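Here's final04.cif, which has mmCIF, C-alpha atoms:
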```cif
data_input
#
loop_
_atom_site.label_atom_id
_atom_site.label_comp_id
_atom_site.auth_asym_id
_atom_site.auth_seq_id
_atom_site.Cartn_x
_atom_site.Cartn_y
_atom_site.Cartn_z
CA MET A 21 28.77 19.89 30.98
CA ALA A 22 25.16 19.90 32.19
CA ARG A 23 21.95 21.36 30.82
CA TRP A 24 19.51 22.97 33.25
CA ASN A 25 16.20 23.97 31.69
CA LEU A 26 14.50 25.03 34.89
CA TRP A 27 11.49 26.45 33.06
CA HIS A 28 10.24 25.91 29.54
CA GLY A 29 8.39 28.04 27.01
CA CYS A 30 8.86 31.60 25.84
CA ARG A 31 7.40 34.49 23.83
CA ARG A 32 8.84 35.86 20.60
CA ILE A 33 10.13 39.42 21.05
CA SER A 34 12.52 40.17 18.16
CA PRO A 35 13.49 39.11 14.60
CA GLY A 36 15.80 36.38 15.89
CA CYS A 37 12.78 34.61 17.39
CA ALA A 38 10.94 34.14 14.09
CA HIS A 39 12.08 30.55 13.57
CA CYS A 40 12.79 29.64 17.19
CA TYR A 41 14.01 26.05 17.61
CA VAL A 42 11.98 25.68 20.83
CA TYR A 43 8.76 26.54 18.98
CA ARG A 44 9.74 24.26 16.13
CA ARG A 45 10.48 21.34 18.42
CA ASP A 46 7.34 21.80 20.51
CA GLU A 47 5.12 22.07 17.44
CA SER A 48 6.52 18.74 16.21
CA ILE A 49 5.05 17.04 19.29
CA GLY A 50 1.81 19.03 19.42
CA LYS A 51 2.83 21.47 22.16
CA ASP A 52 2.47 25.25 22.37
CA ALA A 53 5.87 26.77 23.23
CA SER A 54 4.27 30.04 24.34
CA GLN A 55 2.95 28.26 27.44
CA VAL A 56 5.54 28.76 30.20
CA TYR A 57 5.91 26.27 33.04
CA ARG A 58 8.46 25.26 35.65
CA THR A 59 10.06 21.95 34.75
CA LYS A 60 10.73 18.79 36.75
CA SER A 61 14.44 19.62 36.42
CA PHE A 62 14.13 22.81 38.48
CA TYR A 63 16.25 21.47 41.35
CA LEU A 64 18.77 19.57 39.19
CA PRO A 65 21.95 21.33 40.43
CA VAL A 66 21.19 20.54 44.08
CA LEU A 67 20.00 16.94 43.68
CA ARG A 68 22.11 14.35 45.46
CA ASP A 69 22.75 10.67 44.89
CA ARG A 70 22.43 7.92 47.52
CA SER A 71 25.89 8.66 48.87
CA GLY A 72 24.95 12.28 49.50
CA ALA A 73 27.10 13.69 46.70
CA TYR A 74 25.69 16.18 44.23
CA LYS A 75 24.56 14.55 40.99
CA VAL A 76 26.10 17.43 39.03
CA PRO A 77 29.77 17.23 40.04
CA SER A 78 31.84 20.21 41.09
CA GLY A 79 33.52 22.14 38.27
CA GLU A 80 30.87 21.51 35.61
CA THR A 81 29.62 24.23 33.28
CA VAL A 82 25.82 24.37 33.47
CA TYR A 83 24.09 25.64 30.32
CA THR A 84 21.07 27.34 31.82
CA CYS A 85 17.54 27.94 30.52
CA PHE A 86 18.12 27.17 26.84
CA SER A 87 14.45 26.24 26.30
CA SER A 88 13.25 29.61 27.59
CA ASP A 89 14.74 32.92 28.77
CA PHE A 90 16.09 33.33 32.30
CA PHE A 91 14.64 36.86 32.53
CA LEU A 92 11.23 36.01 31.09
CA GLU A 93 8.43 37.88 32.86
CA GLU A 94 6.38 34.73 33.44
CA ALA A 95 9.29 33.25 35.40
CA ASP A 96 9.48 36.09 37.93
CA PRO A 97 7.83 34.02 40.72
CA TRP A 98 10.50 31.27 40.39
CA ARG A 99 13.67 33.29 39.87
CA GLU A 100 14.53 34.01 43.50
CA GLU A 101 14.60 30.27 44.19
CA ALA A 102 16.72 29.78 41.06
CA TRP A 103 19.24 32.31 42.37
CA ARG A 104 19.29 30.45 45.70
CA ILE A 105 20.26 27.26 43.87
CA ILE A 106 22.97 29.05 41.88
CA ARG A 107 24.26 30.60 45.10
CA GLU A 108 24.40 27.20 46.81
CA ARG A 109 26.33 25.67 43.89
CA SER A 110 29.11 28.24 43.77
CA ASP A 111 31.36 25.37 42.62
CA LEU A 112 29.52 25.22 39.27
CA PHE A 113 29.73 27.72 36.40
CA PHE A 114 26.30 28.80 35.16
CA PHE A 115 26.16 30.04 31.57
CA LEU A 116 22.99 31.73 30.36
CA VAL A 117 21.96 33.62 27.22
CA THR A 118 19.12 36.14 27.16
CA LYS A 119 17.20 38.38 24.80
CA ARG A 120 15.73 40.21 27.80
CA ILE A 121 18.87 41.89 29.07
CA HIS A 122 16.78 45.05 29.58
CA ARG A 123 15.10 43.24 32.52
CA ALA A 124 18.25 41.78 34.04
CA GLU A 125 19.11 44.52 36.52
CA GLU A 126 15.71 44.41 38.21
CA CYS A 127 15.89 40.60 38.35
CA LEU A 128 19.28 40.25 40.05
CA PRO A 129 19.45 38.96 43.64
CA LYS A 130 19.99 41.46 46.47
CA ASP A 131 23.46 40.12 47.24
CA TRP A 132 24.67 40.26 43.64
CA GLY A 133 27.14 43.09 44.31
CA THR A 134 29.62 43.39 41.44
CA GLY A 135 28.53 40.00 40.10
CA TRP A 136 28.97 36.35 41.00
CA GLU A 137 32.10 34.60 39.81
CA ASN A 138 30.12 31.47 38.88
CA VAL A 139 27.66 33.20 36.50
CA ALA A 140 28.16 34.36 32.90
CA ILE A 141 25.43 36.32 31.13
CA HIS A 142 25.53 36.59 27.35
CA VAL A 143 23.08 38.59 25.28
CA THR A 144 21.64 37.59 21.90
CA VAL A 145 22.26 40.14 19.15
CA GLU A 146 20.93 39.09 15.74
CA ASN A 147 21.04 42.41 13.85
CA GLN A 148 22.30 45.96 14.27
CA ALA A 149 19.07 47.26 15.77
CA MET A 150 19.20 44.66 18.55
CA ALA A 151 22.89 45.41 19.11
CA GLU A 152 22.12 49.08 19.64
CA PHE A 153 19.22 48.28 21.97
CA ARG A 154 20.70 45.42 24.03
CA MET A 155 24.43 46.09 24.25
CA PRO A 156 24.17 49.22 26.44
CA PHE A 157 22.23 47.20 29.03
CA LEU A 158 24.83 44.41 28.96
CA VAL A 159 27.90 46.61 29.40
CA ARG A 160 26.28 48.58 32.26
CA LEU A 161 25.42 45.49 34.30
CA PRO A 162 27.70 44.53 37.20
CA LEU A 163 29.02 41.21 35.84
CA ARG A 164 32.15 39.13 36.30
CA HIS A 165 31.59 37.39 32.96
CA ARG A 166 29.74 38.79 29.93
CA GLY A 167 29.56 38.03 26.24
CA VAL A 168 27.51 38.19 23.04
CA ALA A 169 25.75 35.55 20.94
CA CYS A 170 25.22 36.76 17.37
CA GLU A 171 22.86 33.88 16.65
CA PRO A 172 21.10 33.68 14.34
CA LEU A 173 23.27 36.19 12.50
CA LEU A 174 20.84 37.97 10.17
CA GLU A 175 22.93 40.85 8.83
CA ARG A 176 26.29 42.58 9.13
CA ILE A 177 26.74 43.83 12.72
CA ASP A 178 29.14 46.43 14.09
CA LEU A 179 29.97 45.54 17.70
CA SER A 180 33.06 47.75 17.88
CA PRO A 181 31.49 50.39 20.21
CA TRP A 182 31.16 47.76 22.97
CA LEU A 183 34.06 45.36 22.42
CA GLY A 184 36.26 47.25 24.85
CA CYS A 185 33.68 47.07 27.64
CA GLY A 186 34.69 43.85 29.34
CA LEU A 187 33.30 41.32 26.86
CA GLU A 188 34.94 37.92 27.16
CA GLU A 189 33.59 36.29 24.02
CA VAL A 190 31.53 36.80 20.89
CA GLY A 191 29.83 33.68 19.53
CA VAL A 192 28.43 33.62 16.00
CA GLY A 193 26.13 31.23 14.17
CA GLY A 194 23.72 31.02 11.29
CA GLU A 195 20.10 29.96 11.57
CA SER A 196 19.09 26.30 11.46
CA GLY A 197 15.79 24.69 10.48
CA PRO A 198 13.78 24.32 7.27
CA ASP A 199 12.92 28.03 7.05
CA ALA A 200 16.39 29.30 7.93
CA ARG A 201 17.36 32.72 6.67
CA VAL A 202 20.63 33.19 4.81
CA CYS A 203 23.81 33.87 6.74
CA CYS A 204 26.62 35.52 4.78
CA TYR A 205 30.13 34.31 5.53
CA ASP A 206 31.46 37.84 5.02
CA TRP A 207 29.41 38.96 8.06
CA VAL A 208 31.07 36.22 10.11
CA LEU A 209 34.54 37.25 8.93
CA ASP A 210 33.83 40.89 9.72
CA LEU A 211 32.87 40.05 13.31
CA LYS A 212 36.01 37.92 13.59
CA ARG A 213 38.07 40.93 12.45
CA GLN A 214 36.39 43.21 14.99
CA CYS A 215 37.08 40.76 17.82
CA THR A 216 40.70 40.20 16.79
CA GLU A 217 41.35 43.95 16.73
CA ALA A 218 39.75 44.35 20.17
CA GLY A 219 41.39 41.29 21.73
CA VAL A 220 38.06 39.55 22.38
CA ALA A 221 37.67 35.78 21.99
CA PHE A 222 35.64 34.66 18.97
CA THR A 223 33.76 31.41 18.39
CA TYR A 224 32.05 30.33 15.18
CA HIS A 225 29.43 27.92 16.51
CA GLN A 226 27.53 26.85 13.39
CA THR A 227 27.15 27.73 9.73
CA GLY A 228 23.38 27.63 9.71
CA ALA A 229 21.32 25.82 7.10
CA ARG A 230 21.86 28.41 4.32
CA LEU A 231 25.32 29.93 4.01
CA LEU A 232 26.30 32.47 1.36
CA LYS A 233 30.02 32.27 0.69
CA ASP A 234 31.99 33.67 -2.26
CA GLY A 235 28.80 34.35 -4.15
CA ARG A 236 27.49 30.79 -3.78
CA LEU A 237 24.57 29.72 -1.58
CA TYR A 238 25.18 26.45 0.26
CA ALA A 239 22.47 24.26 1.82
CA ILE A 240 24.13 22.60 4.80
CA PRO A 241 22.50 19.65 6.61
CA ARG A 242 21.96 20.08 10.34
CA ARG A 243 24.43 17.34 11.22
CA LEU A 244 27.27 19.21 9.46
CA GLN A 245 26.63 22.78 10.59
CA HIS A 246 28.78 22.68 13.73
CA GLU A 247 31.53 20.62 12.12
CA GLN A 248 31.89 22.90 9.11
CA ALA A 249 32.01 25.97 11.33
CA ARG A 250 34.85 24.40 13.33
CA ARG A 251 36.70 23.49 10.15
CA ALA A 252 36.68 27.16 9.12
CA GLY A 253 39.36 27.68 11.78
CA LEU A 254 38.06 31.04 13.00
CA ASP A 255 37.92 30.33 16.72
CA GLY A 256 40.33 32.15 18.96
#
```

Represent the supplied structure as structure tokens.
Amino acid sequence: MARWNLWHGCRRISPGCAHCYVYRRDESIGKDASQVYRTKSFYLPVLRDRSGAYKVPSGETVYTCFSSDFFLEEADPWREEAWRIIRERSDLFFFLVTKRIHRAEECLPKDWGTGWENVAIHVTVENQAMAEFRMPFLVRLPLRHRGVACEPLLERIDLSPWLGCGLEEVGVGGESGPDARVCCYDWVLDLKRQCTEAGVAFTYHQTGARLLKDGRLYAIPRRLQHEQARRAGLDG
């Protein structure tokens, strides 16, 4: 696994952005996360060691642009070069998540065709309104791999209209951080049911900091949020 944050910084565009971890982290060190810049890691996937071998070995999954948004408007001047790098490293699997799926089609490379086998695009869907806005863009895109990230899950969401449209996975998670909004476990279970009925893989990534379960509100420390989600045994 590798992380490739080729640019950094973003702008809030929907309710899921309200307590963005990138803003929270940058504020803790006196930085403004709304300032977008290309990072020193831009060429990471194509860097080589002294022997001439790629530093990121073949077969790795590369988690891409998790401190920004790959389809951010401010990154338009850099994206063509980013696609060139992804094209060169066809032996890596690039995984990216976006809230700007409505811009994706105009930002794809000219030789995209029906999609690249080494790229997965997942869309963030935090509430029903964002599902109804973003999902039609996702399912219309020519993609080999597509999925949904219901993170942070802010309310009950019905994804059933789109689950039969080539989705490979739905990931779910509550919100982290000191101002985290409540995630209800019943919403998680309902999404699990929808995915099971549609034959779509489901992953419960994290509980979030405030989880409502069986009428009780739990405050869950950050270090336990992933572990407790795994222990729920919902993945599959």

Original post:
List as a VMD selection string: which residues have an atom within 8 Å of (19.9, 33.0, 25.8), counting all atoms listed in the file?
Top reply: chain A and resid 85 to 86 88 to 90 116 to 119 142 to 144

Restricted to C-alpha atoms, what would the selected residues look like written as a PDB file, keeping the file's coordinate frame?
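Dumped everything to selection27.pdb:
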```pdb
ATOM      1  CA  CYS A  85      17.540  27.940  30.520  1.00  0.00           C
ATOM      2  CA  PHE A  86      18.120  27.170  26.840  1.00  0.00           C
ATOM      3  CA  SER A  88      13.250  29.610  27.590  1.00  0.00           C
ATOM      4  CA  ASP A  89      14.740  32.920  28.770  1.00  0.00           C
ATOM      5  CA  PHE A  90      16.090  33.330  32.300  1.00  0.00           C
ATOM      6  CA  LEU A 116      22.990  31.730  30.360  1.00  0.00           C
ATOM      7  CA  VAL A 117      21.960  33.620  27.220  1.00  0.00           C
ATOM      8  CA  THR A 118      19.120  36.140  27.160  1.00  0.00           C
ATOM      9  CA  LYS A 119      17.200  38.380  24.800  1.00  0.00           C
ATOM     10  CA  HIS A 142      25.530  36.590  27.350  1.00  0.00           C
ATOM     11  CA  VAL A 143      23.080  38.590  25.280  1.00  0.00           C
ATOM     12  CA  THR A 144      21.640  37.590  21.900  1.00  0.00           C
TER      13      THR A 144
END
```

Original post:
From the list A:Thr84, A:Ser196, A:Ser61, A:Gln214, which residue is nearest Ile177 in chain A when using all atoms listed in the file?
Top reply: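 Using all atoms listed in the file, Ile177 in chain A sits closest to A:Gln214.
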
Subject >> Atomic distance CA of Lys60 in chain A - CA of Val76 in chain A, expressed in Å with one decimal >> reply: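 Computed distance, CA of Lys60 in chain A to CA of Val76 in chain A, equals 15.6 Å.
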
**OP:** Apply the PyMOL selection byres ((chain A and resi 180) around 10) to the structure shown and report the selected residues as an MDAnalysis selection string.
**Re:** chainID A and resid 177:179 181:185 211 214:215 217:218

Prev. selection, C-alpha atoms, output as a JSON list (two decimals), in the coordinates of the input:
```
[["chain", "number", "residue", "atom", "x", "y", "z"],
["A", 177, "ILE", "CA", 26.74, 43.83, 12.72],
["A", 178, "ASP", "CA", 29.14, 46.43, 14.09],
["A", 179, "LEU", "CA", 29.97, 45.54, 17.70],
["A", 181, "PRO", "CA", 31.49, 50.39, 20.21],
["A", 182, "TRP", "CA", 31.16, 47.76, 22.97],
["A", 183, "LEU", "CA", 34.06, 45.36, 22.42],
["A", 184, "GLY", "CA", 36.26, 47.25, 24.85],
["A", 185, "CYS", "CA", 33.68, 47.07, 27.64],
["A", 211, "LEU", "CA", 32.87, 40.05, 13.31],
["A", 214, "GLN", "CA", 36.39, 43.21, 14.99],
["A", 215, "CYS", "CA", 37.08, 40.76, 17.82],
["A", 217, "GLU", "CA", 41.35, 43.95, 16.73],
["A", 218, "ALA", "CA", 39.75, 44.35, 20.17]]
```

**OP:** Please evaluate the PyMOL selection byres ((chain A and resi 151-160) around 12) against the structure above and give the resulting residues as a PyMOL selection string.
**Re:** chain A and resi 34+36+117-126+134-135+140-150+161-171+173-188

**OP:** Rank A:Gly79, A:Gly253, A:Pro129, A:Gly197 by their smallest atom-to-atom distance to Pro241 in chain A, using all atoms listed in the file, and report the top residue only.
**Re:** A:Gly197

Subject >> Explicit residue set for the PyMOL selection byres ((chain A and resi 77) around 10), as a list in words >> reply: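 Selected by the PyMOL selection byres ((chain A and resi 77) around 10) in this file: Met21, Ala22, Pro65, Arg68, Ala73, Tyr74, Lys75, Val76, Ser78, Gly79, Glu80, Thr81, Arg109, Asp111 and Leu112 of chain A.
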
Subject >> Using all atoms listed in the file: which of A:Cys37, A:Trp132, A:Leu26, A:Cys203 has the shortest distance to Glu101 in chain A >> reply: A:Leu26

**OP:** Mind giving me the straight-line distance from CA of Phe115 in chain A to CA of Asp210 in chain A in Å, one decimal?
**Re:** 25.6 Å

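Our summary of the geometry notes that CA of His225 in chain A is positioned 10.6 Å from CA of Arg251 in chain A.
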
Subject >> Protein and nucleic acid residues near (29.9, 34.7, -2.9) (cut-off 12 Å, only C-alpha atoms) as a ChimeraX atom specification >> reply: /A:203-207,231-238

Output of the above residues as a PDB file, in the frame of the given file, restricted to C-alpha atoms:
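Dumped to part_0.pdb:
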```
ATOM      1  CA  CYS A 203      23.810  33.870   6.740  1.00  0.00           C
ATOM      2  CA  CYS A 204      26.620  35.520   4.780  1.00  0.00           C
ATOM      3  CA  TYR A 205      30.130  34.310   5.530  1.00  0.00           C
ATOM      4  CA  ASP A 206      31.460  37.840   5.020  1.00  0.00           C
ATOM      5  CA  TRP A 207      29.410  38.960   8.060  1.00  0.00           C
ATOM      6  CA  LEU A 231      25.320  29.930   4.010  1.00  0.00           C
ATOM      7  CA  LEU A 232      26.300  32.470   1.360  1.00  0.00           C
ATOM      8  CA  LYS A 233      30.020  32.270   0.690  1.00  0.00           C
ATOM      9  CA  ASP A 234      31.990  33.670  -2.260  1.00  0.00           C
ATOM     10  CA  GLY A 235      28.800  34.350  -4.150  1.00  0.00           C
ATOM     11  CA  ARG A 236      27.490  30.790  -3.780  1.00  0.00           C
ATOM     12  CA  LEU A 237      24.570  29.720  -1.580  1.00  0.00           C
ATOM     13  CA  TYR A 238      25.180  26.450   0.260  1.00  0.00           C
TER      14      TYR A 238
END
```

Subject >> Among listed residues A:Arg44, A:Arg58, A:Arg242, A:His39, nearest Asp199 in chain A (using all atoms listed in the file) >> reply: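 Closest to Asp199 in chain A of all the choices is A:His39.
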
**OP:** Determine, counting only C-alpha atoms, which protein, DNA and RNA residues have an atom within 8 Å of an atom of Ala95 in chain A; residues of the same chain fewer than 4 positions away are not included. Present the result as a list in words.
**Re:** Trp27, Val56, Phe90, Phe91 and Arg99 of chain A

**OP:** Choose the residue, out of A:Tyr41, A:Trp24, A:Trp103, A:Tyr224, that has the smallest atom-to-atom separation from Leu64 in chain A; count all atoms listed in the file.
**Re:** A:Trp24

**OP:** Would you mind listing what lies within 12 Å of Tyr43 in chain A as an MDAnalysis selection string, with all atoms listed in the file counted and same-chain residues fewer than 2 positions away left out?
**Re:** chainID A and resid 28:32 37:41 45:56 87:88 197

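Minimum atom-to-atom distances from A:Trp98, A:Lys130, A:Asn25, A:Glu247 to Phe114 in chain A were compared using all atoms listed in the file, and the lowest value belongs to A:Asn25.
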